[in-house]
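A.B. asks: Data: my_file.txt, compact mmCIF, C-alpha atoms and all ligand atoms.
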```txt
# COMPACT_ATOMS: atom_id res chain seq x y z
CA MET A 289 115.97 44.07 107.84
CA SER A 290 117.02 47.65 108.28
CA ASP A 291 120.52 48.71 107.35
CA ASP A 292 121.24 49.86 110.91
CA TYR A 293 121.83 46.24 111.99
CA ARG A 294 125.22 46.10 110.35
CA PHE A 295 126.58 42.56 110.15
CA LEU A 296 130.17 41.70 109.24
CA VAL A 297 131.41 38.21 108.41
CA VAL A 298 135.16 37.90 108.98
CA GLY A 299 136.75 35.07 106.99
CA ALA A 300 135.20 34.14 103.65
CA GLY A 301 136.22 30.49 103.85
CA ALA A 302 133.88 27.49 103.91
CA LEU A 303 131.60 28.59 106.76
CA GLY A 304 131.90 32.36 106.29
CA GLY A 305 131.24 32.08 102.55
CA ILE A 306 128.13 29.95 102.97
CA ILE A 307 126.67 31.99 105.81
CA GLY A 308 127.49 35.22 103.97
CA ALA A 309 125.92 34.06 100.70
CA ARG A 310 122.77 32.72 102.37
CA ALA A 311 122.42 35.91 104.42
CA ILE A 312 122.71 38.11 101.31
CA ASN A 313 120.11 35.93 99.56
CA ALA A 314 117.82 36.38 102.56
CA GLY A 315 118.09 40.17 102.27
CA VAL A 316 120.26 40.68 105.36
CA PRO A 317 122.73 43.56 104.86
CA VAL A 318 126.09 41.84 105.08
CA TRP A 319 129.68 42.95 104.73
CA LEU A 320 132.53 40.46 104.31
CA ALA A 321 136.13 40.77 105.45
CA THR A 322 139.06 38.86 103.97
CA ARG A 323 142.62 38.73 105.21
CA THR A 324 144.02 40.62 102.23
CA ALA A 325 142.88 43.19 99.63
CA GLU A 326 143.83 40.68 96.89
CA SER A 327 141.39 38.05 98.26
CA ALA A 328 138.69 40.73 98.51
CA ALA A 329 139.22 41.68 94.85
CA VAL A 330 138.88 38.03 93.77
CA LEU A 331 135.57 37.69 95.63
CA ARG A 332 134.28 41.01 94.34
CA SER A 333 134.57 39.71 90.81
CA SER A 334 133.47 36.09 91.48
CA GLY A 335 130.62 36.76 93.90
CA LEU A 336 129.57 33.95 96.23
CA GLN A 337 128.12 30.69 95.00
CA VAL A 338 126.80 27.91 97.25
CA SER A 339 125.65 24.42 96.30
CA GLY A 340 124.75 21.32 98.28
CA ILE A 341 122.40 20.69 101.16
CA GLY A 342 120.16 23.65 101.91
CA GLY A 343 119.91 24.55 98.22
CA THR A 344 121.87 26.82 95.95
CA ALA A 345 122.59 30.44 96.70
CA TYR A 346 124.27 33.03 94.53
CA ALA A 347 125.28 36.55 95.44
CA ALA A 348 126.76 38.47 92.52
CA GLU A 349 127.15 41.82 94.25
CA ILE A 350 128.97 41.62 97.54
CA GLN A 351 130.41 44.20 99.89
CA VAL A 352 133.87 42.88 100.66
CA ALA A 353 137.19 44.38 101.75
CA ALA A 354 140.35 43.45 103.61
CA VAL A 355 139.57 43.35 107.30
CA ARG A 356 141.81 46.30 108.25
CA GLU A 357 139.94 48.55 105.80
CA TYR A 358 136.87 48.41 108.05
CA GLU A 359 138.73 50.60 110.55
CA ARG A 360 137.26 53.61 108.78
CA ALA A 361 133.79 52.14 108.28
CA GLU A 362 130.62 52.60 110.28
CA LYS A 363 130.49 50.29 113.33
CA PHE A 364 128.86 46.85 113.31
CA ARG A 365 126.19 45.36 115.59
CA LEU A 366 127.28 41.79 114.83
CA ILE A 367 130.64 40.40 113.76
CA LEU A 368 130.68 36.69 112.93
CA LEU A 369 134.22 35.42 113.28
CA ALA A 370 134.65 32.56 110.81
CA THR A 371 138.44 32.20 110.52
CA LYS A 372 140.44 29.25 111.85
CA ALA A 373 141.20 29.28 115.57
CA HIS A 374 144.72 30.80 115.59
CA ASP A 375 143.62 33.58 113.21
CA ALA A 376 140.55 34.21 115.36
CA LEU A 377 142.62 34.87 118.46
CA GLU A 378 144.95 37.14 116.52
CA ILE A 379 142.33 39.32 114.82
CA ALA A 380 139.67 39.44 117.56
CA PRO A 381 141.09 42.39 119.58
CA PHE A 382 141.02 44.50 116.39
CA LEU A 383 137.47 43.39 115.60
CA VAL A 384 136.26 44.66 118.97
CA THR A 385 137.23 48.16 117.80
CA LEU A 386 134.80 47.75 114.87
CA LEU A 387 131.82 47.05 117.13
CA ALA A 388 129.01 49.48 117.92
CA PRO A 389 128.51 50.08 121.67
CA ASP A 390 125.93 47.26 121.90
CA GLY A 391 127.66 45.12 119.26
CA VAL A 392 128.67 41.49 119.70
CA LEU A 393 131.47 39.34 118.42
CA LEU A 394 130.35 35.78 117.61
CA PRO A 395 133.18 33.24 117.20
CA ILE A 396 132.12 29.88 115.74
CA GLN A 397 135.35 27.87 115.94
CA ASN A 398 135.58 24.48 117.62
CA GLY A 399 136.99 23.94 121.08
CA SER A 400 138.17 26.65 123.42
CA VAL A 401 138.08 29.69 121.12
CA SER A 402 134.83 31.30 122.38
CA GLN A 403 135.90 30.88 126.00
CA LEU A 404 139.45 32.18 125.41
CA LEU A 405 138.08 35.24 123.61
CA ALA A 406 135.55 35.90 126.35
CA ASP A 407 138.33 35.61 128.96
CA ARG A 408 140.52 38.05 127.04
CA LEU A 409 137.98 40.54 125.70
CA GLY A 410 135.11 40.26 128.18
CA GLU A 411 131.79 38.44 128.03
CA SER A 412 130.04 41.74 127.37
CA VAL A 413 131.35 41.71 123.79
CA VAL A 414 131.66 37.98 123.12
CA LEU A 415 128.70 35.73 122.49
CA GLY A 416 129.66 32.06 122.39
CA GLY A 417 129.10 30.01 119.28
CA LEU A 418 129.87 26.77 117.55
CA SER A 419 129.02 25.23 114.22
CA ASN A 420 127.47 21.90 113.41
CA LEU A 421 127.27 22.98 109.78
CA GLY A 422 129.56 21.02 107.51
CA ALA A 423 131.04 23.08 104.70
CA THR A 424 133.88 23.03 102.22
CA ILE A 425 135.39 25.63 99.95
CA ILE A 426 135.93 24.46 96.38
CA GLU A 427 137.72 27.63 95.33
CA PRO A 428 137.43 31.24 96.53
CA GLY A 429 133.79 32.26 96.16
CA ILE A 430 132.54 28.70 95.51
CA TYR A 431 131.33 26.63 98.44
CA GLU A 432 129.50 23.43 99.18
CA GLN A 433 127.27 22.84 102.19
CA ARG A 434 127.74 19.22 103.29
CA ASN A 435 125.00 18.73 105.87
CA ALA A 436 121.78 20.20 107.19
CA GLY A 437 123.59 21.45 110.29
CA HIS A 438 123.09 24.55 112.37
CA LEU A 439 124.88 27.10 114.50
CA ILE A 440 124.51 26.96 118.27
CA ILE A 441 124.92 30.29 120.03
CA GLY A 442 124.48 31.50 123.58
CA GLU A 443 125.87 33.19 126.65
CA LEU A 444 129.08 31.58 127.93
CA SER A 445 127.95 32.23 131.47
CA GLY A 446 124.72 30.33 130.74
CA GLY A 447 121.08 31.30 130.52
CA LEU A 448 119.17 33.09 127.80
CA SER A 449 119.57 36.72 126.76
CA ASP A 450 117.96 39.30 124.52
CA ARG A 451 121.14 39.77 122.56
CA ALA A 452 121.42 36.04 121.77
CA ALA A 453 117.79 36.05 120.66
CA LYS A 454 118.44 39.12 118.49
CA VAL A 455 121.50 37.53 116.84
CA ALA A 456 119.54 34.30 116.26
CA GLY A 457 116.78 36.36 114.66
CA VAL A 458 119.19 37.93 112.17
CA LEU A 459 121.33 34.87 111.40
CA GLY A 460 118.31 32.60 111.41
CA LYS A 461 117.14 34.21 108.17
CA ALA A 462 120.18 32.65 106.50
CA ILE A 463 120.81 29.36 108.31
CA GLU A 464 119.38 27.41 111.20
CA VAL A 465 120.45 28.86 114.55
CA ARG A 466 119.72 27.34 117.95
CA VAL A 467 120.12 29.28 121.16
CA ALA A 468 121.49 27.17 124.01
CA ASP A 469 121.06 28.07 127.66
CA ASN A 470 124.01 25.78 128.43
CA LEU A 471 126.35 26.89 125.65
CA ARG A 472 129.52 25.75 127.41
CA GLY A 473 127.90 22.32 127.71
CA ALA A 474 127.23 22.33 123.96
CA ILE A 475 130.79 23.43 123.20
CA TRP A 476 132.25 20.72 125.46
CA ALA A 477 130.03 17.99 124.02
CA LYS A 478 131.59 18.67 120.62
CA LEU A 479 135.06 19.23 122.10
CA ILE A 480 135.04 15.81 123.79
CA LEU A 481 134.10 14.13 120.50
CA ASN A 482 136.72 16.15 118.63
CA CYS A 483 139.38 15.11 121.19
CA SER A 484 138.55 11.44 120.65
CA VAL A 485 136.65 10.61 117.45
CA THR A 486 138.36 13.19 115.24
CA THR A 487 141.90 13.53 116.52
CA VAL A 488 142.46 9.81 117.07
CA GLY A 489 141.32 9.24 113.50
CA ALA A 490 143.61 11.99 112.22
CA VAL A 491 146.77 10.59 113.81
CA ALA A 492 145.84 7.04 112.71
CA GLY A 493 145.01 8.23 109.19
CA GLN A 494 141.68 6.41 109.52
CA THR A 495 138.00 6.89 110.17
CA MET A 496 136.65 6.01 113.60
CA ARG A 497 135.06 2.85 112.23
CA GLN A 498 138.45 1.72 110.94
CA TYR A 499 140.49 2.39 114.08
CA MET A 500 137.81 0.97 116.39
CA MET A 501 138.39 -2.45 114.78
CA SER A 502 141.57 -2.80 116.83
CA ALA A 503 141.83 -3.11 120.61
CA THR A 504 144.48 -0.40 120.52
CA GLY A 505 142.16 2.01 118.71
CA ARG A 506 139.36 1.33 121.18
CA GLU A 507 141.65 1.98 124.13
CA VAL A 508 143.09 5.21 122.76
CA PHE A 509 139.56 6.43 121.95
CA ARG A 510 138.30 5.51 125.41
CA ARG A 511 141.16 7.19 127.23
CA ALA A 512 141.04 10.38 125.18
CA TYR A 513 137.25 10.55 125.66
CA ASP A 514 137.38 9.78 129.40
CA GLU A 515 140.00 12.40 130.14
CA ALA A 516 138.15 15.12 128.26
CA LEU A 517 134.82 14.22 129.88
CA SER A 518 136.39 14.07 133.38
CA THR A 519 137.93 17.50 132.81
CA ALA A 520 134.57 18.97 131.80
CA LEU A 521 132.72 17.46 134.75
CA THR A 522 135.44 18.47 137.23
CA ILE A 523 135.36 22.11 136.14
CA GLY A 524 131.59 22.15 136.53
CA ILE A 525 130.44 21.73 132.93
CA GLN A 526 127.57 19.42 132.09
CA PRO A 527 128.16 18.50 128.44
CA GLN A 528 124.94 18.59 126.44
CA ARG A 529 123.57 15.66 124.53
CA MET A 530 124.45 15.62 120.83
CA ILE A 531 123.64 12.29 119.20
CA VAL A 532 124.38 10.33 122.38
CA ASP A 533 124.39 11.08 126.07
CA PRO A 534 127.92 12.50 126.57
CA VAL A 535 128.31 10.46 129.77
CA PRO A 536 128.65 6.80 128.71
CA PRO A 537 126.45 4.23 130.48
CA GLY A 538 128.01 2.87 133.67
CA TRP A 539 130.40 5.83 133.97
CA ARG A 540 132.19 5.81 137.31
CA GLY A 541 134.62 8.66 136.89
CA THR A 542 136.09 6.60 134.05
CA THR A 543 134.46 4.32 131.50
CA VAL A 544 133.51 0.83 132.54
CA VAL A 545 133.58 -1.31 129.41
CA SER A 546 130.37 -3.32 129.17
CA GLU A 547 127.85 -4.41 126.57
CA GLU A 548 125.89 -1.25 127.25
CA TYR A 549 129.03 0.84 126.74
CA ASN A 550 129.72 -0.99 123.47
CA ARG A 551 126.20 -0.18 122.27
CA TRP A 552 126.83 3.46 123.18
CA VAL A 553 130.05 3.37 121.10
CA ASP A 554 128.05 1.90 118.20
CA ARG A 555 125.70 4.89 118.38
CA VAL A 556 128.66 7.30 118.32
CA MET A 557 129.99 5.37 115.33
CA ALA A 558 126.63 5.49 113.54
CA GLY A 559 126.88 9.30 113.69
CA TYR A 560 130.58 9.91 113.13
CA GLY A 561 132.24 6.59 112.24
CA ASP A 562 132.62 7.14 108.51
CA ILE A 563 133.62 10.80 108.41
CA LYS A 564 137.15 11.57 107.26
CA PRO A 565 138.63 13.61 110.14
CA SER A 566 138.99 17.29 109.21
CA MET A 567 142.38 17.30 110.95
CA LEU A 568 143.57 14.55 108.61
CA GLN A 569 142.71 16.89 105.73
CA ASP A 570 144.80 19.58 107.45
CA PHE A 571 147.76 17.14 107.61
CA GLU A 572 147.35 16.24 103.94
CA ARG A 573 147.31 19.91 102.93
CA GLY A 574 150.23 20.79 105.19
CA ARG A 575 148.03 23.20 107.14
CA ARG A 576 148.39 24.13 110.78
CA THR A 577 145.80 22.24 112.85
CA GLU A 578 143.61 23.52 115.68
CA ILE A 579 144.98 20.90 118.12
CA ASP A 580 145.92 23.51 120.76
CA PHE A 581 142.24 24.44 121.08
CA ILE A 582 141.04 20.82 121.25
CA ASN A 583 143.17 18.11 122.93
CA GLY A 584 145.71 20.80 123.84
CA TYR A 585 143.03 22.69 125.76
CA VAL A 586 142.13 19.57 127.75
CA ALA A 587 145.83 18.91 128.36
CA GLU A 588 146.16 22.43 129.73
CA LEU A 589 143.00 22.50 131.88
CA GLY A 590 143.22 18.93 133.21
CA PRO A 591 146.25 19.38 135.49
CA LYS A 592 144.79 22.64 136.88
CA ALA A 593 141.64 20.70 137.78
CA GLY A 594 143.59 17.71 139.13
CA VAL A 595 142.48 15.45 136.26
CA PRO A 596 145.09 13.13 134.67
CA VAL A 597 145.22 13.91 130.95
CA ALA A 598 148.26 11.97 129.74
CA MET A 599 146.56 10.70 126.59
CA ASN A 600 145.36 14.14 125.47
CA ALA A 601 148.83 15.58 126.20
CA ALA A 602 150.51 12.78 124.21
CA ILE A 603 148.06 13.24 121.31
CA THR A 604 148.75 16.99 121.30
CA ASP A 605 152.52 16.39 121.12
CA LEU A 606 152.06 13.82 118.36
CA VAL A 607 149.93 16.18 116.28
CA HIS A 608 152.59 18.86 116.63
CA SER A 609 155.25 16.44 115.44
CA ILE A 610 153.10 15.46 112.43
CA GLU A 611 152.63 19.18 111.64
CA GLN A 612 156.41 19.60 111.76
CA GLY A 613 156.95 16.67 109.38
CA LYS A 614 158.66 14.55 112.07
CA SER A 615 155.93 11.91 112.03
CA LYS A 616 153.09 10.79 109.74
CA PRO A 617 149.48 9.70 110.29
CA ASP A 618 149.44 5.90 110.53
CA PRO A 619 147.60 3.26 112.61
CA GLY A 620 150.96 2.50 114.26
CA ARG A 621 150.80 5.93 115.97
CA LEU A 622 148.08 4.55 118.23
CA ASP A 623 150.42 1.83 119.60
CA GLU A 624 152.99 4.55 120.28
CA LEU A 625 150.40 6.59 122.18
CA LEU A 626 149.51 3.60 124.35
CA LYS A 627 153.14 2.77 125.08
CA ARG A 628 153.87 6.35 125.96
CA THR A 629 150.94 6.76 128.33
CA ARG A 630 150.31 3.29 129.71
CA SER A 631 152.05 3.94 133.03
CA GLU A 632 150.05 7.13 133.51
CA CYS A 633 146.54 5.89 132.56
CA PRO A 634 144.23 3.81 134.68
CA ALA A 635 143.29 0.39 133.28
CA PRO A 636 139.65 -0.06 132.24
N1 LIG B 701 134.02 23.90 107.62
C1 LIG B 701 133.31 23.20 108.47
O1 LIG B 701 132.55 22.30 108.08
C2 LIG B 701 133.38 23.50 109.94
C3 LIG B 701 132.48 22.87 110.80
C4 LIG B 701 132.54 23.15 112.15
C5 LIG B 701 133.48 24.04 112.64
N2 LIG B 701 134.35 24.63 111.78
C6 LIG B 701 135.31 25.57 112.34
O2 LIG B 701 135.01 26.88 111.83
C7 LIG B 701 136.21 27.62 111.63
C8 LIG B 701 136.26 28.08 110.18
O3 LIG B 701 136.32 26.93 109.37
P1 LIG B 701 136.32 26.96 107.79
O4 LIG B 701 136.27 25.55 107.34
O5 LIG B 701 135.30 27.94 107.29
O6 LIG B 701 137.79 27.55 107.52
P2 LIG B 701 138.43 28.05 106.15
O7 LIG B 701 137.69 27.50 104.97
O8 LIG B 701 139.90 27.83 106.26
O9 LIG B 701 138.14 29.61 106.18
C9 LIG B 701 138.78 30.51 107.01
C10 LIG B 701 138.91 31.80 106.24
O10 LIG B 701 139.35 32.82 107.14
C11 LIG B 701 140.22 33.66 106.41
N3 LIG B 701 141.02 34.47 107.34
C12 LIG B 701 142.08 34.10 108.11
N4 LIG B 701 142.53 35.14 108.83
C13 LIG B 701 141.73 36.18 108.51
C14 LIG B 701 141.69 37.54 108.92
N5 LIG B 701 142.56 38.02 109.82
N6 LIG B 701 140.75 38.35 108.40
C15 LIG B 701 139.85 37.88 107.50
N7 LIG B 701 139.85 36.60 107.05
C16 LIG B 701 140.77 35.77 107.56
C17 LIG B 701 141.03 32.68 105.60
O11 LIG B 701 141.71 33.36 104.60
P3 LIG B 701 143.15 32.83 104.07
O12 LIG B 701 142.79 31.76 103.10
O13 LIG B 701 143.74 34.04 103.49
O14 LIG B 701 143.88 32.31 105.25
C18 LIG B 701 139.93 31.76 105.11
O15 LIG B 701 139.31 32.27 103.95
C19 LIG B 701 137.35 26.68 112.02
O16 LIG B 701 137.72 26.94 113.33
C20 LIG B 701 136.74 25.30 111.91
O17 LIG B 701 137.34 24.35 112.76
C21 LIG B 701 134.32 24.38 110.45
```
In structure tokens, how does this file's structure come out?
C.D. replies:
Amino acid sequence: MSDDYRFLVVGAGALGGIIGARAINAGVPVWLATRTAESAAVLRSSGLQVSGIGGTAYAAEIQVAAVREYERAEKFRLILLATKAHDALEIAPFLVTLLAPDGVLLPIQNGSVSQLLADRLGESVVLGGLSNLGATIIEPGIYEQRNAGHLIIGELSGGLSDRAAKVAGVLGKAIEVRVADNLRGAIWAKLILNCSVTTVGAVAGQTMRQYMMSATGREVFRRAYDEALSTALTIGIQPQRMIVDPVPPGWRGTTVVSEEYNRWVDRVMAGYGDIKPSMLQDFERGRRTEIDFINGYVAELGPKAGVPVAMNAAITDLVHSIEQGKSKPDPGRLDELLKRTRSECPAP
């Protein structure tokens, strides 16, 4: 890899740290950007160390600085944006100024981030992305890869492109990268599952398998899922298959509960039923969640598309009140969601 393909990873957290370390190990010239000069100094002395699935990686010598210091640096051909969603929206306009004329910004957050950035900054600079890699940060510079996942990248307007292929060629040396010709469909497939599987679990303080044992849990899941799927289909997005067909069997604009549907739910549960929701970890650590880019995005788009989204709106409000310390994750939250939305949701 020649040094003229300059690649910057912004955010040396769980995903950025692992991708950065694996890229350095693969001989890709990589620069890393942290929020502050202090964090950069810590990483400069610790290096990057990865364990877990995909094998170990260690990069002792890393090129790292606070993001604003790159203002004076040579321009980059690729900037991988690996911060949380709110930080991504805040820093992205600055990052565009660090790009070479043919450079691309690749956000990999969940939910609406890629689309919002493309709307604000232009699709000519933003390539869409999402991550199916599971990663955690143990302490700054020390990371664990939790699954054999991959990045999915592609054009938000659909189709294949040379620049997506080029980015996949570079990043693919470090981690598995798949190019999707229906990237929005891939993003929405994950978004719909995040709106239901993950967020419902977070507010209940349970895994999907636990909350699906109650009729209330099953109804909240179904309504959150249905609303998000209806929104996607109404705005012209065909969600891509992940582990199941995103459209449940017997779908008629809403779910029709049947034995076939229950088997479909079992397949969703086999893939995601025992995972502790990442948003629950955010609650436990007192961190701001990414709800506005997940259920909040559906709650915003639904009314514009004429789709009722009462459950996603109620979940969004509830998550905000948990963030503010006014409520706590508990299975009882699901009863509250049903009571609050029953008059506005169609019966199964
Ligand atoms: N981890 C996963 O398994 C996974 C899987 C799929 C999707 N995702 C998504 O990927 C995104 C990143 O997740 P993550 O788990 O890697 O998050 P993370 O561990 O919290 O890492 C984010 C990093 O970005 C840094 N940062 C924030 N603002 C910055 C700025 N302006 N300039 C430079 N660095 C900045 C943070 O630094 P500070 O500590 O100073 O804030 C932190 O080190 C999230 O949207 C997440 O939902 C994650």
A.B. asks: Using all atoms listed in the file, which residues have at least one atom no more than 6 Å from ligand LIG 701 (chain B)? Output them as JSON, numbers by chain.
C.D. replies: {"A": [298, 299, 300, 301, 302, 303, 304, 321, 322, 323, 355, 370, 371, 372, 373, 375, 379, 396, 397, 398, 419, 420, 421, 422, 423, 424, 425]}
A.B. asks: Using all atoms listed in the file, can you tell me which of A:Thr504, A:Thr577, A:Asn550, A:Thr519 comes closest to Asp623 of chain A?
C.D. replies: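 Of the candidates, the smallest distance to Asp623 of chain A is held by A:Thr504.
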A.B. asks: Counting only C-alpha atoms, what is within 7 Å of Ile579 of chain A, bar same-chain residues fewer than 4 positions away, as a list in words?
C.D. replies: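 Here the qualifying residues turn out to be Asn583, Gly584 and Thr604 of chain A.
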A.B. asks: Please identify all polymer residues within 10 Å of Val491 of chain A, counting all atoms listed in the file, omitting same-chain residues fewer than 4 positions from it, and present them as a list in words.
C.D. replies: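 Neighbouring residues, sequence-local ones excluded: Thr486, Thr487, Pro565, Met567, Leu568, Phe571, Ile603, Leu606, Val607, Ile610, Ser615, Lys616, Pro617, Asp618, Pro619, Gly620, Arg621, Leu622 and Leu625 of chain A.
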A.B. asks: Rank nothing, just name the residue among A:Leu521, A:Leu368, A:Ala329, A:Val485 nearest to Ile441 of chain A, using all atoms listed in the file.
C.D. replies: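 For Ile441 of chain A, the nearest of the given residues is A:Leu368.
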A.B. asks: Check the smallest atom-to-atom distance from each of A:Tyr513, A:Arg555, A:Met501, A:Gln337 to Ala598 of chain A using all atoms listed in the file, then report the winner.
C.D. replies: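 Ranked by minimum distance to Ala598 of chain A, first place goes to A:Tyr513.
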A.B. asks: Could you give me, as a ChimeraX atom specification, the residues that have an atom at most 7 Å away from the point (120.1, 30.8, 104.2) in the coordinates of the file, using only C-alpha atoms?
C.D. replies: /A:307,310-311,313-314,461-463
